[in-house]
Structure formats: structure tokens, C-alpha cells
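Raw start32.cif, mmCIF, C-alpha atoms:
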data_target
#
loop_
_atom_site.label_atom_id
_atom_site.label_comp_id
_atom_site.auth_asym_id
_atom_site.auth_seq_id
_atom_site.Cartn_x
_atom_site.Cartn_y
_atom_site.Cartn_z
CA MET A 965 16.78 -38.21 18.29
CA GLN A 966 14.89 -36.56 15.43
CA ILE A 967 16.20 -33.43 13.74
CA GLN A 968 14.42 -30.43 15.17
CA GLU A 969 12.30 -28.54 12.67
CA ILE A 970 11.90 -24.79 12.79
CA GLU A 971 8.40 -24.09 13.96
CA SER A 972 6.39 -22.97 10.96
CA MET A 973 5.73 -19.25 11.09
CA ASP A 974 2.25 -17.82 10.64
CA LEU A 975 2.95 -16.52 7.14
CA GLU A 976 -0.20 -14.43 6.92
CA LYS A 977 0.67 -12.67 10.17
CA ALA A 978 4.29 -12.17 9.07
CA GLN A 979 3.14 -10.66 5.78
CA ASN A 980 0.78 -8.23 7.51
CA ILE A 981 3.45 -7.17 10.03
CA ILE A 982 5.94 -6.43 7.24
CA VAL A 983 3.43 -4.54 5.08
CA ASP A 984 2.33 -2.40 8.04
CA PHE A 985 5.98 -1.81 9.00
CA ILE A 986 6.94 -0.57 5.53
CA ARG A 987 3.87 1.65 5.28
CA GLU A 988 4.50 3.15 8.73
CA LYS A 989 8.21 3.85 8.15
CA VAL A 990 7.67 5.41 4.73
CA ASP A 991 4.82 7.56 6.03
CA LYS A 992 6.82 8.67 9.08
CA ALA A 993 9.82 9.60 6.93
CA GLY A 994 7.64 11.71 4.66
CA VAL A 995 9.11 10.21 1.49
CA SER A 996 7.34 9.58 -1.81
CA GLY A 997 7.96 5.84 -2.02
CA ALA A 998 10.70 3.24 -2.02
CA VAL A 999 13.58 1.94 -4.10
CA VAL A 1000 14.61 -1.72 -4.10
CA GLY A 1001 17.76 -3.23 -5.55
CA ILE A 1002 16.49 -6.22 -7.54
CA SER A 1003 19.22 -8.80 -8.01
CA GLY A 1004 17.17 -11.58 -9.53
CA GLY A 1005 17.36 -13.47 -6.23
CA ILE A 1006 14.76 -14.50 -3.68
CA ASP A 1007 15.35 -11.91 -0.93
CA SER A 1008 15.02 -8.86 -3.15
CA ALA A 1009 12.05 -10.45 -4.93
CA LEU A 1010 10.16 -10.94 -1.67
CA THR A 1011 11.08 -7.47 -0.42
CA ALA A 1012 9.88 -5.87 -3.64
CA ALA A 1013 6.62 -7.83 -3.58
CA LEU A 1014 5.89 -6.82 0.02
CA THR A 1015 6.83 -3.19 -0.67
CA VAL A 1016 4.33 -3.12 -3.53
CA LYS A 1017 1.66 -4.54 -1.23
CA ALA A 1018 2.43 -1.80 1.29
CA LEU A 1019 2.74 1.22 -1.01
CA GLY A 1020 1.33 0.32 -4.41
CA ALA A 1021 3.29 -0.38 -7.59
CA ASP A 1022 3.36 3.28 -8.63
CA LYS A 1023 5.47 4.18 -5.57
CA VAL A 1024 8.16 1.53 -5.98
CA LEU A 1025 11.28 1.77 -8.15
CA GLY A 1026 13.24 -1.40 -8.88
CA ILE A 1027 16.88 -1.17 -9.96
CA HIS A 1028 18.87 -4.11 -11.31
CA MET A 1029 22.66 -3.55 -11.15
CA PRO A 1030 24.48 -6.28 -13.07
CA GLU A 1031 28.17 -6.52 -13.84
CA ALA A 1032 29.10 -7.36 -17.41
CA GLY A 1033 30.76 -10.74 -17.75
CA LEU A 1034 29.76 -11.84 -14.25
CA THR A 1035 26.03 -11.45 -13.63
CA PRO A 1036 24.24 -14.49 -15.14
CA GLU A 1037 21.73 -13.85 -17.89
CA SER A 1038 19.18 -15.73 -15.79
CA ASP A 1039 19.45 -13.01 -13.10
CA ARG A 1040 18.80 -10.29 -15.68
CA LYS A 1041 15.77 -12.13 -17.03
CA ASP A 1042 14.38 -12.93 -13.58
CA ALA A 1043 14.83 -9.35 -12.34
CA LYS A 1044 13.00 -7.97 -15.38
CA ALA A 1045 10.26 -10.62 -15.14
CA LEU A 1046 9.74 -9.79 -11.46
CA ALA A 1047 9.42 -6.06 -12.18
CA GLU A 1048 6.91 -6.75 -14.95
CA TRP A 1049 4.94 -9.13 -12.70
CA LEU A 1050 4.80 -6.47 -9.97
CA GLY A 1051 4.09 -3.64 -12.43
CA ILE A 1052 6.79 -1.36 -11.01
CA GLU A 1053 9.10 1.13 -12.71
CA TYR A 1054 12.33 -0.69 -13.51
CA ARG A 1055 15.84 0.35 -14.48
CA THR A 1056 19.07 -1.51 -15.26
CA ILE A 1057 22.42 0.08 -14.42
CA ASP A 1058 25.57 -1.84 -15.36
CA ILE A 1059 28.16 -1.26 -12.62
CA SER A 1060 31.15 -2.43 -14.70
CA GLY A 1061 32.24 1.06 -15.74
CA ILE A 1062 32.01 2.42 -12.21
CA VAL A 1063 34.07 -0.46 -10.77
CA SER A 1064 36.64 -0.13 -13.56
CA ALA A 1065 36.97 3.62 -12.95
CA PHE A 1066 37.59 2.99 -9.25
CA MET A 1067 40.22 0.35 -10.02
CA ALA A 1068 41.95 2.68 -12.48
CA ALA A 1069 42.04 5.49 -9.91
CA VAL A 1070 43.58 3.32 -7.19
CA PRO A 1071 46.90 1.71 -8.23
CA GLU A 1072 46.76 -0.73 -5.30
CA SER A 1073 43.57 -2.24 -6.71
CA GLU A 1074 45.67 -4.46 -8.98
CA SER A 1075 46.60 -6.59 -5.96
CA ALA A 1076 43.17 -6.52 -4.29
CA ASP A 1077 41.74 -9.91 -3.32
CA ARG A 1078 38.30 -11.02 -4.46
CA LEU A 1079 36.68 -10.11 -1.13
CA SER A 1080 37.86 -6.49 -1.39
CA ARG A 1081 36.66 -6.31 -4.98
CA GLY A 1082 33.36 -7.98 -4.08
CA ASN A 1083 32.69 -5.59 -1.22
CA LEU A 1084 33.44 -2.65 -3.52
CA LYS A 1085 30.73 -3.85 -5.92
CA ALA A 1086 28.20 -4.11 -3.08
CA ARG A 1087 29.05 -0.56 -1.98
CA VAL A 1088 28.75 0.77 -5.54
CA ARG A 1089 25.26 -0.70 -5.68
CA MET A 1090 24.38 0.91 -2.35
CA SER A 1091 25.59 4.30 -3.65
CA LEU A 1092 23.44 3.97 -6.76
CA LEU A 1093 20.36 3.16 -4.69
CA TYR A 1094 20.92 6.19 -2.45
CA PHE A 1095 21.57 8.44 -5.43
CA HIS A 1096 18.11 7.58 -6.74
CA ALA A 1097 16.59 7.72 -3.26
CA ASN A 1098 17.93 11.23 -2.66
CA ARG A 1099 16.98 12.46 -6.13
CA LEU A 1100 13.44 11.07 -6.03
CA ASN A 1101 12.71 11.34 -2.29
CA LEU A 1102 12.54 7.57 -1.76
CA MET A 1103 13.41 5.18 1.05
CA VAL A 1104 15.98 2.44 0.44
CA MET A 1105 14.55 -0.98 1.25
CA GLY A 1106 16.99 -3.52 2.68
CA THR A 1107 16.75 -7.12 1.51
CA GLY A 1108 18.60 -8.85 4.35
CA ASN A 1109 16.99 -11.82 6.11
CA LYS A 1110 17.46 -12.97 9.72
CA THR A 1111 19.95 -15.70 8.79
CA GLU A 1112 22.25 -13.25 6.98
CA ILE A 1113 21.94 -10.62 9.70
CA LEU A 1114 22.78 -13.04 12.53
CA LEU A 1115 25.78 -14.42 10.62
CA GLY A 1116 26.90 -11.01 9.38
CA TYR A 1117 26.72 -12.51 5.91
CA TYR A 1118 26.55 -9.22 4.00
CA THR A 1119 28.74 -6.24 3.18
CA LYS A 1120 28.95 -3.46 5.76
CA TYR A 1121 27.79 -0.23 4.08
CA GLY A 1122 27.02 -2.32 1.00
CA ASP A 1123 23.87 -4.42 1.02
CA GLY A 1124 23.84 -3.64 4.75
CA GLY A 1125 23.63 0.10 4.00
CA VAL A 1126 19.86 0.63 3.90
CA ASP A 1127 17.06 2.54 5.63
CA ILE A 1128 14.99 -0.40 6.87
CA GLU A 1129 15.17 -4.24 6.77
CA PRO A 1130 11.58 -5.37 6.15
CA ILE A 1131 12.31 -9.13 6.04
CA GLY A 1132 14.95 -9.02 8.77
CA PHE A 1133 12.98 -11.23 11.17
CA LEU A 1134 12.51 -14.03 8.62
CA TYR A 1135 14.99 -16.89 8.43
CA LYS A 1136 16.08 -17.76 4.88
CA THR A 1137 13.85 -20.84 4.85
CA GLU A 1138 10.89 -18.64 5.84
CA VAL A 1139 11.74 -16.23 3.02
CA TRP A 1140 11.26 -19.10 0.57
CA GLU A 1141 7.95 -20.06 2.22
CA LEU A 1142 6.49 -16.56 2.12
CA ALA A 1143 7.75 -15.94 -1.41
CA ARG A 1144 5.98 -19.07 -2.61
CA LYS A 1145 2.80 -18.00 -0.81
CA LEU A 1146 2.88 -14.62 -2.58
CA GLY A 1147 3.40 -16.21 -6.00
CA VAL A 1148 6.96 -15.05 -6.65
CA PRO A 1149 8.10 -16.64 -9.96
CA GLU A 1150 9.30 -20.22 -9.44
CA SER A 1151 12.55 -19.62 -11.34
CA ILE A 1152 13.58 -17.19 -8.59
CA ILE A 1153 12.49 -19.45 -5.73
CA THR A 1154 14.43 -22.50 -7.00
CA LYS A 1155 17.61 -20.60 -7.88
CA LYS A 1156 20.77 -21.30 -5.84
CA PRO A 1157 21.33 -18.29 -3.54
CA SER A 1158 24.40 -16.23 -4.47
CA ALA A 1159 25.67 -12.75 -3.70
CA GLY A 1160 27.08 -12.73 -7.24
CA LEU A 1161 30.29 -10.95 -6.21
CA TRP A 1162 32.62 -13.36 -8.03
CA ALA A 1163 32.28 -16.19 -10.53
CA GLY A 1164 30.92 -19.47 -9.19
CA GLN A 1165 30.06 -18.09 -5.75
CA THR A 1166 27.13 -19.66 -3.92
CA ASP A 1167 26.02 -18.89 -0.37
CA GLU A 1168 25.70 -22.48 0.81
CA ALA A 1169 29.15 -23.46 -0.50
CA GLU A 1170 30.67 -20.58 1.45
CA LEU A 1171 28.69 -21.41 4.59
CA GLY A 1172 29.61 -25.07 4.38
CA MET A 1173 26.04 -26.29 4.92
CA SER A 1174 22.54 -25.76 3.58
CA TYR A 1175 20.41 -22.82 4.65
CA GLY A 1176 17.97 -25.32 6.14
CA THR A 1177 20.68 -26.61 8.48
CA VAL A 1178 22.03 -23.14 9.26
CA ASP A 1179 18.56 -21.94 10.24
CA LYS A 1180 18.13 -24.90 12.59
CA VAL A 1181 21.53 -24.17 14.16
CA LEU A 1182 20.61 -20.52 14.72
CA THR A 1183 17.22 -21.47 16.17
CA MET A 1184 18.77 -23.93 18.64
CA LEU A 1185 21.45 -21.41 19.63
CA ASN A 1186 18.68 -18.87 20.29
CA GLU A 1187 17.03 -21.47 22.53
CA LYS A 1188 20.32 -21.74 24.51
CA GLN A 1189 20.77 -25.41 23.65
CA SER A 1190 24.23 -26.90 24.24
CA GLN A 1191 26.73 -27.13 21.42
CA LYS A 1192 26.97 -30.91 21.83
CA ASN A 1193 23.19 -31.28 21.59
CA ILE A 1194 23.12 -29.16 18.43
CA GLU A 1195 25.87 -31.26 16.83
CA VAL A 1196 24.17 -34.57 17.68
CA THR A 1197 20.64 -33.44 16.83
CA LEU A 1198 21.55 -31.94 13.46
CA SER A 1199 24.32 -34.42 12.59
CA ILE A 1200 26.87 -31.68 12.02
CA SER A 1201 30.54 -31.59 12.98
CA GLU A 1202 32.12 -29.50 15.70
CA GLU A 1203 33.97 -27.59 12.96
CA GLN A 1204 30.71 -26.71 11.18
CA LEU A 1205 29.14 -25.39 14.38
CA GLU A 1206 32.29 -23.46 15.28
CA SER A 1207 32.20 -21.87 11.81
CA VAL A 1208 28.71 -20.50 12.50
CA LEU A 1209 29.73 -19.25 15.95
CA ARG A 1210 32.84 -17.54 14.56
CA ARG A 1211 30.81 -15.75 11.91
CA MET A 1212 28.35 -14.50 14.51
CA GLN A 1213 31.11 -13.27 16.82
CA SER A 1214 33.47 -11.72 14.29
CA ASN A 1215 30.64 -9.91 12.46
CA GLU A 1216 28.91 -8.54 15.54
CA HIS A 1217 30.20 -5.06 14.66
CA LYS A 1218 28.00 -5.08 11.56
CA ARG A 1219 24.85 -5.28 13.68
CA ASN A 1220 25.76 -2.30 15.88
CA VAL A 1221 26.14 1.40 15.29
CA PRO A 1222 29.79 2.59 15.24
CA PRO A 1223 31.04 2.80 18.85
CA ILE A 1224 31.63 6.19 20.48
CA PRO A 1225 33.97 6.68 23.46
CA GLU A 1226 32.27 7.61 26.71
CA PHE A 1227 33.15 10.95 28.29
CA SER A 1228 32.20 11.79 31.82
#
As C-alpha cells, how would this structure be written, given the file I've shared?
Amino acid sequence: MQIQEIESMDLEKAQNIIVDFIREKVDKAGVSGAVVGISGGIDSALTAALTVKALGADKVLGIHMPEAGLTPESDRKDAKALAEWLGIEYRTIDISGIVSAFMAAVPESESADRLSRGNLKARVRMSLLYFHANRLNLMVMGTGNKTEILLGYYTKYGDGGVDIEPIGFLYKTEVWELARKLGVPESIITKKPSAGLWAGQTDEAELGMSYGTVDKVLTMLNEKQSQKNIEVTLSISEEQLESVLRRMQSNEHKRNVPPIPEFS
């Protein structure tokens, strides 16, 4: 049996839907424009490019938020190159001092694991984006794709703390396709995806399979295909499939608003 391919999306239609969506939400909110956290990675690059198409470069602010000693120089260069290519206002804010101040204020931080520290960094970045959004009357653009959202592969109230998710219906593989179509710099497209929350971290190493395979798994699950058929068709192990299912189940809370008790 051949490996099932994700049906190629109509990229032109997807682009138009996203551009119209951004324009409509910004107009309805009555804000002056948008702010995008530009990491140097593919998702934020595509989001920024589509936001510029929707609003114009003069209404988009890009903010790069590196951490000294951790963020690769290539990310800094790619983030700056993207902003220059798009012609948007661009700022760099090093989060190292903010993270250090938090750690110094909380004695227990000495024993914090890398996930707790990583999530803190994502939430610091979210706070910086909203500070600028509030001050300048802007909307915060999310950069999450469909793959990350389904898996819950993001930080709650961190990179998940946004106003809208323009590329949230695109699988990761479709993000690459549309980015290439729009002419996003090749150095960003070919870079290994990473949240950059600790040294050596890559998305695909954490997920245990490539994004191409993960997207096919999610597509087949959406089609209600059996677990055995997915394993055989994609040549993946039961453990790999169970890992995807566990992520989806345990992170479901991230996709919902906080629950409220019913009173009758």
C-alpha cells in the first residue's frame, strides 16, 4: 500500500482567505495595525508576510525577542532580513534580563526544570507583544499552525496567547509550501524548526518523527481511519502513533477556553 499524501491545498485560495481574515479582524477590532513576534522561523515569517499583504507594511510591527547565549545568530540575521524584505518596522528586545530578574525574585527557580524555564520565556515574549499592542493599539498575530494546534505543541498563554491565529488551518507542510510561493527567504524555509527554548532543541526530535509524517497521521486521524491502517500505511510504530494521540488528548485543554462550573 502506498503512503497517503496530503491532498495539495489550493495555495492561492488559502492565501486570499488568510489575508481577508486578517483584514476583517483588524478592522472589526478598530485597531491601528498588527504586531508579530518574529523568531527567525518559518511560521512567524509566513504570518508576517501575510499580515503585510493584508494591512500594508506601514501597519505591521515586527519584534524579535532573542535570549543571549541561546538564540542562534542565524535566527537574528534571518529575522532582520525578513523585516527588511517586508519593509516593516522592526525591533529587537533581548529577554535575558527579564528572565534573570524573574529567576532572582523566585528562590524556587533554582530547581526549575527546562520545561518550566522554557514556558516562562514564551510567556515573557507574549507579555512583550501585548505591551506593544496595548501601547500602540495593535492586534497580536498568532503564528501557530494546524499541526501545532492539534498536538498542543505550544505554550499555553505563551505563543498560544494571541488575538488571532491566521495560519491555524495550515498544516506545517502547507506552511512551507505557501511560504515558498510567497518568496520567503530560503534560509528560513530550509531551517530545522525549533521553539528555541533550550539548547539543541528541535521540534522533530521532540515529536519523534518528521513533520511530513505527523501531518499525514493527523490527516488520517481526521478521516477516522483505524490506528492499524495508519501504522501500516505510514510505516510507523504503535508507540509513535500513541505518542501523537497522547499529545492530542493531554493538551486538549489548550484548545478550549477555561471551564466554568454550571449553575442552575
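Using all atoms listed in the file for every distance, the candidate list A:Ala1143, A:Ala1163, A:Met973, A:Ala1047 yields A:Ala1047 as the residue closest to Ala1021 of chain A.
Nearest to Gly1147 of chain A of all the residues A:Gly994, A:Ile982, A:Ala1013, A:Met1212 is A:Ala1013, counting all atoms listed in the file.
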### Atomic distance atom CA of Gln1189 of chain A - atom CA of Tyr1175 of chain A, expressed in Å with one decimal
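Computed distance, atom CA of Gln1189 of chain A to atom CA of Tyr1175 of chain A, equals 19.2 Å.
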### Query
So which one's closest to Ile1002 of chain A, A:Ile1027, A:Met1103, A:Ile1152, A:Val1196? Using all atoms listed in the file, please.
A:Ile1027
### Task
Run through the PyMOL selection byres ((chain A and resi 1138) around 12) on the given coordinates and return the selected residues as a PyMOL selection string.
chain A and resi 970-976+978-979+1006-1007+1010+1109-1111+1131-1137+1139-1145+1153+1175-1176+1179-1180
#### Entry: Between atom CA of Ala1032 of chain A and atom CA of Ala1076 of chain A, distance in Å (one decimal)
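Answer for the atom CA of Ala1032 of chain A to atom CA of Ala1076 of chain A separation: 19.3 Å.
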Show me, as JSON, the centre and edge lengths in Å to one decimal of the axis-aligned box that covers every listed atom of segment 1100-1108 of chain A with 5 Å on each side.
{"center_x": 15.6, "center_y": 1.2, "center_z": -0.8, "size_x": 16.1, "size_y": 30.2, "size_z": 20.4}
### Message
Taking all atoms listed in the file into account, name the residue in A:Gly1116, A:Gly1122, A:Gly1164, A:Gly1026 that is nearest to Ser1214 of chain A.
### Response
A:Gly1116
#### Entry: Spatial neighbours of Tyr1117 of chain A, 9 Å, all atoms listed in the file, chain gap at least 2 places, as an MDAnalysis selection string
chainID A and resid 1111:1115 1119 1167 1211:1212 1215
### Task
Would you mind reading off the distance between atom CA of Gly1082 of chain A and atom CA of Asp1039 of chain A, one decimal, in Å?
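These two atoms are separated by 17.3 Å.
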Against segment 1089-1092 of chain A, which residues of segment 1018-1054 of chain A fall within 10 Å? For each one I want the closest pair of atoms and the distance in Å (one decimal), counting all atoms listed in the file, rows by chain and increasing residue number, as JSON lines.
{"residue": "A:Ile1027", "atom": "CA", "partner": "A:Leu1092", "partner_atom": "CA", "distance": 8.9}
{"residue": "A:His1028", "atom": "CA", "partner": "A:Arg1089", "partner_atom": "CA", "distance": 9.2}
{"residue": "A:Met1029", "atom": "CA", "partner": "A:Arg1089", "partner_atom": "CA", "distance": 6.7}
{"residue": "A:Pro1030", "atom": "CA", "partner": "A:Arg1089", "partner_atom": "CA", "distance": 9.3}
### Task
Apply the PyMOL selection byres ((chain A and resi 1053) around 10) to the displayed file and report the matching residues as a list in words.
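Applying the PyMOL selection byres ((chain A and resi 1053) around 10) to the structure shown produces Val999, Ala1021, Asp1022, Lys1023, Val1024, Leu1025, Gly1026, Ile1027, Ala1047, Glu1048, Leu1050, Gly1051, Ile1052, Tyr1054 and Arg1055 of chain A.
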### Task
Enumerate, as number ranges by chain, the residues matched when the PyMOL selection byres ((chain A and resi 1194) around 12) is run on the file above.
A: 965-968, 1177-1193, 1195-1202, 1204-1206, 1208
### Query
Out of A:Thr1035, A:Ala1069, A:Val1016, A:Pro1223, which residue has the shortest atom-to-atom distance to Ser1158 of chain A when counting all atoms listed in the file?
A:Thr1035
#### Entry: Of the listed residues A:Ile1128, A:Ile1059, A:Leu1034, A:Val1088, that which approaches Thr1107 of chain A most closely, counting only C-alpha atoms
A:Ile1128
